[in-house]
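To keep things clear, I will list the structure first and then write my remarks on it.
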Amino acid sequence: MNATTPTPVLELTGIHKQFSGIPVLRDVQLRLYPGEIHALMGQNGAGKSTLIKVLTGVLEASGGQMRLGGGAQGPTTVWPDSPRAAQRLGISTVYQEVNLCPNLSVAENIFAGRYPRLGLAQGFRIDWATLNRRARELVARIGLDIDVTRLLSDYPVAVQQLVAIARALSIESRVLILDEPTSSLDDDEVQKLFEVLRRLRDEGLAIVFVTHFLNQVYAISDRITVLRNGSWVGEWPVGELPAQALIAAMLGRELAAQSTEAPVSPVFDEVTPALLQAEGLGQSGQLQAVDLRVRPGEVVGLAGLLGAGRTELARLLFGLESPDRGVLRIDGQTVAFSNPMDAIRQGLALCPEERKTDGIVAELSVRENIALALQARMGVGKFLSRAEQTALAERYVKLLGIKTESVDKPIGLLSGGNQQKAILARWLAIEPRLLILDEPTRGIDVAAKQEIMEQILRLAQAGMAVLFISSEMSEVVRVAHRIVVLRDRRKVGELPAGSSEDAVYELIAAEHDQ
């Protein structure tokens, strides 16, 4: 915090919010100082998203006070009643999914809805020269060297995130809220984003940083506020809250000393025949020839950096893409999947990487989402009754600890971690023999990650084969009985259970195959 400006630029006190009489925020407070990056932490469902919606005018608080500082008359009570009203107060938000228009230019995206216009004599046409000049100034301010006249879709997600920040700055923001901005970025892109955030902090901007990556909290933040179950837990300077204490504050309990080191307990041996075996499986331009085997009761970790080919392999195995080389065998018999239904009939299931676009159907209920795969497998003309769907959903809600008031609640209203559990429930409902999990813990909180990892081990111990894909190397080495390592869309080696993260990274970084 800047010692010469101790007054918060924005302060929320005693914030309450109810939905249908049910409290979701209780006496929450948040103080944002100019020239400071403030991490807002909590499990999924802790109230972070609701608080941000109150802050940005999407939701109206049921009680409390919001004061904006820095004016000539001192702090002023404000209540933005819409996102546009919040923007007029200098409050901007950049969401996890970039909310821009890929078919427009970078400059058009930055000033969408606020294009500079020529005068009456020119028919109030858009002043393209001014538009592009201002856009160039804004992207230069955040250290971005791109052609602002090109389509946004021409640039990668990392650049699109920075363009979204430039748009936020174009309204002369005093408070910038970043909701999971790094979830789709690789390490180099994260560092580039952090350089931009530090530059903006040094200019005096107050920045709210929401993330599930603890290492990033300590790399970039100055202050931390923790929410739990809709209530304010506390606020700390980052140097006064060690990581273990932060996790304990989020969970409301101390972590067991070995909670992140659960032992691997394989139920198979080396002579167990493979359930799935791929020999030289690949696709031109997507994946070089890969050998892979997965046995019943085995968790095979698929490790590699972003772009290594992990998701491409998963899609080939599940029939979402067709290989143009190699052989796939199930129980020793050669198979060729023309679509995912062929894979499902063979006992395969896939929890996809992008749960919002490829996983959940947001408008449908938890019950309907869980029943989807089983209903599809039953075929045309055969239907699960509502009672059967309800019984099925309630069973898995209890089994996986899905937090929802009712199985009839729209799944889009659940937290990310609970959505992920519901997708897992969908595929468990068809009792698969092989479960492919592509980034099952991405964007969910520490406690939900812990529960999902424990569930993976329980499934394997019950005899299910699991192919586990994660960018979190600590997760891969923790649960995998064997680790298959990919680099540059090809397999570069395998490592046994108990291998260290360093061993995986060394294999990824090796100049030649091992």
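Going through the structure tokens in order, the chains are called A, B, and so on, while each chain numbers its residues from 1 and the ligands are numbered from 1 in the order shown.
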Neighbour list for range 113-117 of chain A as a compact mmCIF listing (two decimals) with N, CA, C and O atoms, in the first residue's frame, cut-off 8 Å, only C-alpha atoms, skip fewer than 5 positions in-chain:
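That gives us around.txt:
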```
# COMPACT_ATOMS: atom_id res chain seq x y z
N GLU A 108 -11.49 -2.07 -32.24
CA GLU A 108 -12.96 -2.07 -32.10
C GLU A 108 -13.38 -2.70 -30.78
O GLU A 108 -14.33 -2.25 -30.14
N PHE A 124 -21.36 11.81 -38.82
CA PHE A 124 -21.11 11.12 -37.54
C PHE A 124 -20.56 9.71 -37.73
O PHE A 124 -20.83 8.80 -36.94
N ARG A 125 -19.79 9.55 -38.80
CA ARG A 125 -19.15 8.26 -39.03
C ARG A 125 -18.07 8.01 -37.98
O ARG A 125 -17.58 8.93 -37.34
N ILE A 126 -17.70 6.72 -37.83
CA ILE A 126 -16.64 6.36 -36.89
C ILE A 126 -15.33 7.01 -37.32
O ILE A 126 -14.95 6.97 -38.49
N ASP A 127 -14.63 7.61 -36.38
CA ASP A 127 -13.33 8.23 -36.63
C ASP A 127 -12.26 7.15 -36.45
O ASP A 127 -11.71 6.95 -35.38
N TRP A 128 -12.02 6.43 -37.56
CA TRP A 128 -11.12 5.27 -37.48
C TRP A 128 -9.70 5.68 -37.11
O TRP A 128 -9.01 4.94 -36.37
N THR A 130 -8.67 8.13 -35.15
CA THR A 130 -8.62 8.37 -33.71
C THR A 130 -8.79 7.07 -32.94
O THR A 130 -8.09 6.82 -31.94
N LEU A 131 -9.72 6.23 -33.38
CA LEU A 131 -9.96 4.94 -32.73
C LEU A 131 -8.68 4.11 -32.67
O LEU A 131 -8.28 3.62 -31.61
```
> Which residue, A:Ser474, A:Ile430, A:Leu320, A:Gly282, has the smallest gap to Leu372 in chain A when you use only C-alpha atoms?
Replying inline: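 Among A:Ser474, A:Ile430, A:Leu320, A:Gly282, it is A:Ile430 that comes nearest to Leu372 in chain A.
Residues surrounding Arg487 in chain A within 8 Å are Gly304, Leu305, Ala308, Gly309, Val492 and Ile508 of chain A [only C-alpha atoms; sequence separation below 5 positions excluded].
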I need the residues of range 5-141 of chain A that end up classed as alpha helix (DSSP H) by DSSP on the backbone, written out as a tab-separated table (two decimals) with C-alpha atoms, in the first residue's frame.
```tsv
chain	number	residue	atom	x	y	z
A	48	LYS	CA	-16.25	-14.57	-4.35
A	49	SER	CA	-18.29	-14.42	-7.55
A	50	THR	CA	-21.33	-13.04	-5.74
A	51	LEU	CA	-19.24	-10.33	-4.09
A	52	ILE	CA	-17.76	-9.36	-7.46
A	53	LYS	CA	-21.25	-9.15	-8.94
A	54	VAL	CA	-22.29	-6.82	-6.13
A	55	LEU	CA	-19.15	-4.77	-6.66
A	83	PRO	CA	-22.06	-2.89	-14.92
A	84	ARG	CA	-22.16	0.32	-16.94
A	85	ALA	CA	-22.80	2.32	-13.76
A	86	ALA	CA	-19.84	0.56	-12.12
A	87	GLN	CA	-17.66	1.45	-15.11
A	88	ARG	CA	-18.66	5.11	-14.76
A	106	VAL	CA	-8.46	-5.19	-31.45
A	107	ALA	CA	-9.23	-1.47	-31.58
A	108	GLU	CA	-12.96	-2.07	-32.10
A	109	ASN	CA	-13.02	-4.41	-29.10
A	110	ILE	CA	-11.27	-1.89	-26.86
A	128	TRP	CA	-11.12	5.27	-37.48
A	129	ALA	CA	-7.86	7.22	-37.26
A	130	THR	CA	-8.62	8.37	-33.71
A	131	LEU	CA	-9.96	4.94	-32.73
A	132	ASN	CA	-6.81	3.14	-33.86
A	133	ARG	CA	-4.48	5.79	-32.41
A	134	ARG	CA	-6.09	5.58	-28.96
A	135	ALA	CA	-6.03	1.78	-29.12
A	136	ARG	CA	-2.31	1.81	-29.95
A	137	GLU	CA	-1.68	4.09	-26.97
A	138	LEU	CA	-3.56	1.76	-24.63
A	139	VAL	CA	-1.86	-1.47	-25.74
A	140	ALA	CA	1.51	0.30	-25.57
A	141	ARG	CA	0.67	1.33	-21.99
```
Spatial neighbours of range 381-389 of chain A, max dist 7 Å, only C-alpha atoms, sep filter under 4 positions, as a CSV table (one decimal) with N, CA, C and O atoms, in the first residue's frame:
```csv
chain,number,residue,atom,x,y,z
A,367,ARG,N,-29.8,-32.7,-12.1
A,367,ARG,CA,-30.4,-34.1,-12.4
A,367,ARG,C,-30.2,-34.4,-13.9
A,367,ARG,O,-29.8,-35.5,-14.2
A,371,ALA,N,-27.8,-37.3,-15.8
A,371,ALA,CA,-28.4,-38.4,-16.5
A,371,ALA,C,-28.1,-38.5,-18.0
A,371,ALA,O,-28.4,-39.4,-18.7
A,375,GLN,N,-28.6,-41.7,-20.4
A,375,GLN,CA,-29.8,-41.6,-21.3
A,375,GLN,C,-29.3,-41.8,-22.8
A,375,GLN,O,-30.0,-42.5,-23.6
A,393,ALA,N,-29.3,-39.0,-9.7
A,393,ALA,CA,-28.6,-37.8,-9.3
A,393,ALA,C,-28.4,-37.7,-7.8
A,393,ALA,O,-27.3,-37.3,-7.4
```
> Taking into account only C-alpha atoms, which residue in the set A:Glu279, A:Glu439, A:Asp488, A:Asp331 is nearest to Ser183 in chain A?
Replying inline: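 Comparing A:Glu279, A:Glu439, A:Asp488, A:Asp331 against Ser183 in chain A, the winner is A:Glu439.
Reported to one decimal place, the separation of CA of Leu457 in chain A from CA of Gly417 in chain A is 18.0 Å.
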> Leaving out range 322-329 of chain A and any residue of its chain fewer than 3 positions from it, which residues lie within 6 Å of it when counting only C-alpha atoms, given as number ranges by chain?
Replying inline: A: 276-283, 316, 332-335
Keeping all heavy atoms for every residue in the selection just given, could you write it to a file as a PDB file, in the first residue's frame?
```pdb
ATOM      1  N   LEU A 276      -6.918 -51.063 -22.336  1.00  0.00           N
ATOM      2  CA  LEU A 276      -6.746 -50.262 -23.558  1.00  0.00           C
ATOM      3  C   LEU A 276      -5.276 -50.257 -23.948  1.00  0.00           C
ATOM      4  O   LEU A 276      -4.402 -50.093 -23.092  1.00  0.00           O
ATOM      5  CB  LEU A 276      -7.234 -48.832 -23.339  1.00  0.00           C
ATOM      6  CG  LEU A 276      -7.028 -47.853 -24.505  1.00  0.00           C
ATOM      7  CD1 LEU A 276      -8.198 -46.858 -24.584  1.00  0.00           C
ATOM      8  CD2 LEU A 276      -5.720 -47.063 -24.350  1.00  0.00           C
ATOM      9  N   GLN A 277      -5.035 -50.466 -25.220  1.00  0.00           N
ATOM     10  CA  GLN A 277      -3.657 -50.401 -25.722  1.00  0.00           C
ATOM     11  C   GLN A 277      -3.641 -49.699 -27.068  1.00  0.00           C
ATOM     12  O   GLN A 277      -4.377 -50.052 -27.985  1.00  0.00           O
ATOM     13  CB  GLN A 277      -3.054 -51.804 -25.857  1.00  0.00           C
ATOM     14  CG  GLN A 277      -1.579 -51.775 -26.239  1.00  0.00           C
ATOM     15  CD  GLN A 277      -0.882 -53.085 -25.934  1.00  0.00           C
ATOM     16  OE1 GLN A 277      -1.522 -54.041 -25.496  1.00  0.00           O
ATOM     17  NE2 GLN A 277       0.420 -53.149 -26.151  1.00  0.00           N
ATOM     18  N   ALA A 278      -2.828 -48.637 -27.144  1.00  0.00           N
ATOM     19  CA  ALA A 278      -2.629 -47.911 -28.396  1.00  0.00           C
ATOM     20  C   ALA A 278      -1.219 -48.184 -28.888  1.00  0.00           C
ATOM     21  O   ALA A 278      -0.259 -48.125 -28.106  1.00  0.00           O
ATOM     22  CB  ALA A 278      -2.835 -46.419 -28.191  1.00  0.00           C
ATOM     23  N   GLU A 279      -1.110 -48.487 -30.177  1.00  0.00           N
ATOM     24  CA  GLU A 279       0.200 -48.759 -30.778  1.00  0.00           C
ATOM     25  C   GLU A 279       0.392 -47.829 -31.964  1.00  0.00           C
ATOM     26  O   GLU A 279      -0.309 -47.929 -32.962  1.00  0.00           O
ATOM     27  CB  GLU A 279       0.288 -50.222 -31.228  1.00  0.00           C
ATOM     28  CG  GLU A 279       0.167 -51.214 -30.089  1.00  0.00           C
ATOM     29  CD  GLU A 279       0.144 -52.656 -30.577  1.00  0.00           C
ATOM     30  OE1 GLU A 279       0.167 -52.862 -31.815  1.00  0.00           O
ATOM     31  OE2 GLU A 279       0.072 -53.562 -29.731  1.00  0.00           O
ATOM     32  N   GLY A 280       1.318 -46.884 -31.805  1.00  0.00           N
ATOM     33  CA  GLY A 280       1.606 -45.950 -32.895  1.00  0.00           C
ATOM     34  C   GLY A 280       0.425 -45.097 -33.280  1.00  0.00           C
ATOM     35  O   GLY A 280       0.309 -44.668 -34.434  1.00  0.00           O
ATOM     36  N   LEU A 281      -0.455 -44.781 -32.323  1.00  0.00           N
ATOM     37  CA  LEU A 281      -1.668 -44.020 -32.613  1.00  0.00           C
ATOM     38  C   LEU A 281      -1.319 -42.553 -32.838  1.00  0.00           C
ATOM     39  O   LEU A 281      -0.631 -41.933 -32.026  1.00  0.00           O
ATOM     40  CB  LEU A 281      -2.657 -44.150 -31.454  1.00  0.00           C
ATOM     41  CG  LEU A 281      -4.117 -43.791 -31.763  1.00  0.00           C
ATOM     42  CD1 LEU A 281      -4.730 -44.848 -32.671  1.00  0.00           C
ATOM     43  CD2 LEU A 281      -4.907 -43.672 -30.470  1.00  0.00           C
ATOM     44  N   GLY A 282      -1.806 -41.967 -33.911  1.00  0.00           N
ATOM     45  CA  GLY A 282      -1.490 -40.567 -34.188  1.00  0.00           C
ATOM     46  C   GLY A 282      -2.410 -39.977 -35.236  1.00  0.00           C
ATOM     47  O   GLY A 282      -3.250 -40.661 -35.823  1.00  0.00           O
ATOM     48  N   GLN A 283      -2.243 -38.686 -35.459  1.00  0.00           N
ATOM     49  CA  GLN A 283      -3.037 -37.955 -36.449  1.00  0.00           C
ATOM     50  C   GLN A 283      -2.169 -36.854 -37.036  1.00  0.00           C
ATOM     51  O   GLN A 283      -1.553 -36.076 -36.301  1.00  0.00           O
ATOM     52  CB  GLN A 283      -4.297 -37.361 -35.816  1.00  0.00           C
ATOM     53  CG  GLN A 283      -5.215 -36.654 -36.804  1.00  0.00           C
ATOM     54  CD  GLN A 283      -6.394 -35.988 -36.113  1.00  0.00           C
ATOM     55  OE1 GLN A 283      -6.219 -35.372 -35.064  1.00  0.00           O
ATOM     56  NE2 GLN A 283      -7.573 -36.104 -36.694  1.00  0.00           N
ATOM     57  N   LEU A 316      -8.551 -38.644 -29.535  1.00  0.00           N
ATOM     58  CA  LEU A 316      -8.394 -39.797 -30.417  1.00  0.00           C
ATOM     59  C   LEU A 316      -8.908 -41.058 -29.735  1.00  0.00           C
ATOM     60  O   LEU A 316      -9.590 -41.884 -30.361  1.00  0.00           O
ATOM     61  CB  LEU A 316      -6.925 -39.976 -30.802  1.00  0.00           C
ATOM     62  CG  LEU A 316      -6.328 -38.979 -31.794  1.00  0.00           C
ATOM     63  CD1 LEU A 316      -4.851 -39.275 -32.014  1.00  0.00           C
ATOM     64  CD2 LEU A 316      -7.083 -39.010 -33.122  1.00  0.00           C
ATOM     65  N   GLY A 332      -7.571 -56.434 -26.077  1.00  0.00           N
ATOM     66  CA  GLY A 332      -6.810 -57.170 -27.078  1.00  0.00           C
ATOM     67  C   GLY A 332      -7.429 -57.193 -28.462  1.00  0.00           C
ATOM     68  O   GLY A 332      -6.803 -57.663 -29.408  1.00  0.00           O
ATOM     69  N   GLN A 333      -8.658 -56.667 -28.607  1.00  0.00           N
ATOM     70  CA  GLN A 333      -9.329 -56.671 -29.901  1.00  0.00           C
ATOM     71  C   GLN A 333      -9.216 -55.297 -30.558  1.00  0.00           C
ATOM     72  O   GLN A 333      -9.470 -54.269 -29.925  1.00  0.00           O
ATOM     73  CB  GLN A 333     -10.809 -57.026 -29.723  1.00  0.00           C
ATOM     74  CG  GLN A 333     -11.057 -58.381 -29.087  1.00  0.00           C
ATOM     75  CD  GLN A 333     -10.524 -59.521 -29.941  1.00  0.00           C
ATOM     76  OE1 GLN A 333     -10.783 -59.569 -31.152  1.00  0.00           O
ATOM     77  NE2 GLN A 333      -9.773 -60.434 -29.328  1.00  0.00           N
ATOM     78  N   THR A 334      -8.844 -55.283 -31.822  1.00  0.00           N
ATOM     79  CA  THR A 334      -8.712 -54.028 -32.552  1.00  0.00           C
ATOM     80  C   THR A 334     -10.074 -53.353 -32.713  1.00  0.00           C
ATOM     81  O   THR A 334     -11.056 -54.000 -33.083  1.00  0.00           O
ATOM     82  CB  THR A 334      -8.096 -54.259 -33.938  1.00  0.00           C
ATOM     83  OG1 THR A 334      -6.794 -54.853 -33.771  1.00  0.00           O
ATOM     84  CG2 THR A 334      -7.947 -52.951 -34.698  1.00  0.00           C
ATOM     85  N   VAL A 335     -10.111 -52.043 -32.423  1.00  0.00           N
ATOM     86  CA  VAL A 335     -11.350 -51.283 -32.557  1.00  0.00           C
ATOM     87  C   VAL A 335     -11.056 -50.013 -33.358  1.00  0.00           C
ATOM     88  O   VAL A 335      -9.917 -49.549 -33.426  1.00  0.00           O
ATOM     89  CB  VAL A 335     -11.950 -50.895 -31.187  1.00  0.00           C
ATOM     90  CG1 VAL A 335     -12.357 -52.140 -30.405  1.00  0.00           C
ATOM     91  CG2 VAL A 335     -10.975 -50.043 -30.377  1.00  0.00           C
TER      92      VAL A 335
END
```
>> What's around Val94 in chain A at 9 Å? Count only C-alpha atoms, leave out sequence neighbours fewer than 3 positions away in its own chain, and write the answer as a list in words.
In response: Glu97, Val98, Asn99, Gln161, Ala164, Ile165, Ala168, Leu176, Ile177, Leu178, Asp179, Glu180 and Pro181 of chain A
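For the choices A:Ala249, A:Leu414, A:Ala376, A:Val476, the atom-to-atom distance to Ala429 in chain A is smallest for A:Ala376 when using only C-alpha atoms.
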Near Trp79 in chain A, within 8 Å and counting only C-alpha atoms, which residues show up once chain neighbours fewer than 2 positions away are dropped, as a PDB file with N, CA, C and O atoms, in the first residue's frame?
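Resulting contents of selection.pdb:
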```pdb
ATOM      1  N   GLY A  57     -22.162  -4.153  -9.921  1.00  0.00           N
ATOM      2  CA  GLY A  57     -23.513  -3.745 -10.278  1.00  0.00           C
ATOM      3  C   GLY A  57     -24.359  -4.800 -10.945  1.00  0.00           C
ATOM      4  O   GLY A  57     -25.471  -4.519 -11.386  1.00  0.00           O
ATOM      5  N   MET A  66     -21.038   0.554   0.565  1.00  0.00           N
ATOM      6  CA  MET A  66     -19.947   0.599  -0.399  1.00  0.00           C
ATOM      7  C   MET A  66     -19.544   2.054  -0.565  1.00  0.00           C
ATOM      8  O   MET A  66     -20.362   2.904  -0.910  1.00  0.00           O
ATOM      9  N   THR A  77     -20.613   7.342  -0.516  1.00  0.00           N
ATOM     10  CA  THR A  77     -21.386   6.107  -0.615  1.00  0.00           C
ATOM     11  C   THR A  77     -21.913   5.937  -2.036  1.00  0.00           C
ATOM     12  O   THR A  77     -22.498   6.862  -2.603  1.00  0.00           O
ATOM     13  N   ASP A  81     -25.859   0.219 -10.008  1.00  0.00           N
ATOM     14  CA  ASP A  81     -27.006  -0.632 -10.284  1.00  0.00           C
ATOM     15  C   ASP A  81     -26.896  -1.370 -11.614  1.00  0.00           C
ATOM     16  O   ASP A  81     -27.845  -2.020 -12.066  1.00  0.00           O
TER      17      ASP A  81
END
```
> Looking only at the backbone, which of the residues in range 39-141 of chain A does DSSP tag as strand (DSSP E), as an MDAnalysis selection string?
Replying inline: chainID A and resid 39:41 63:68 76:77 91:94
> Which of these residues is nearest to Gly63 in chain A, using only C-alpha atoms: A:Asp502, A:Glu431, A:Asp186, A:Asp27?
Replying inline: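 Of all the options, A:Asp27 lies closest to Gly63 in chain A.
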>> Ranking A:Leu197, A:Leu251, A:Ala303, A:Met453 by minimum distance to Val504 in chain A and counting only C-alpha atoms, which one comes first?
In response: A:Ala303
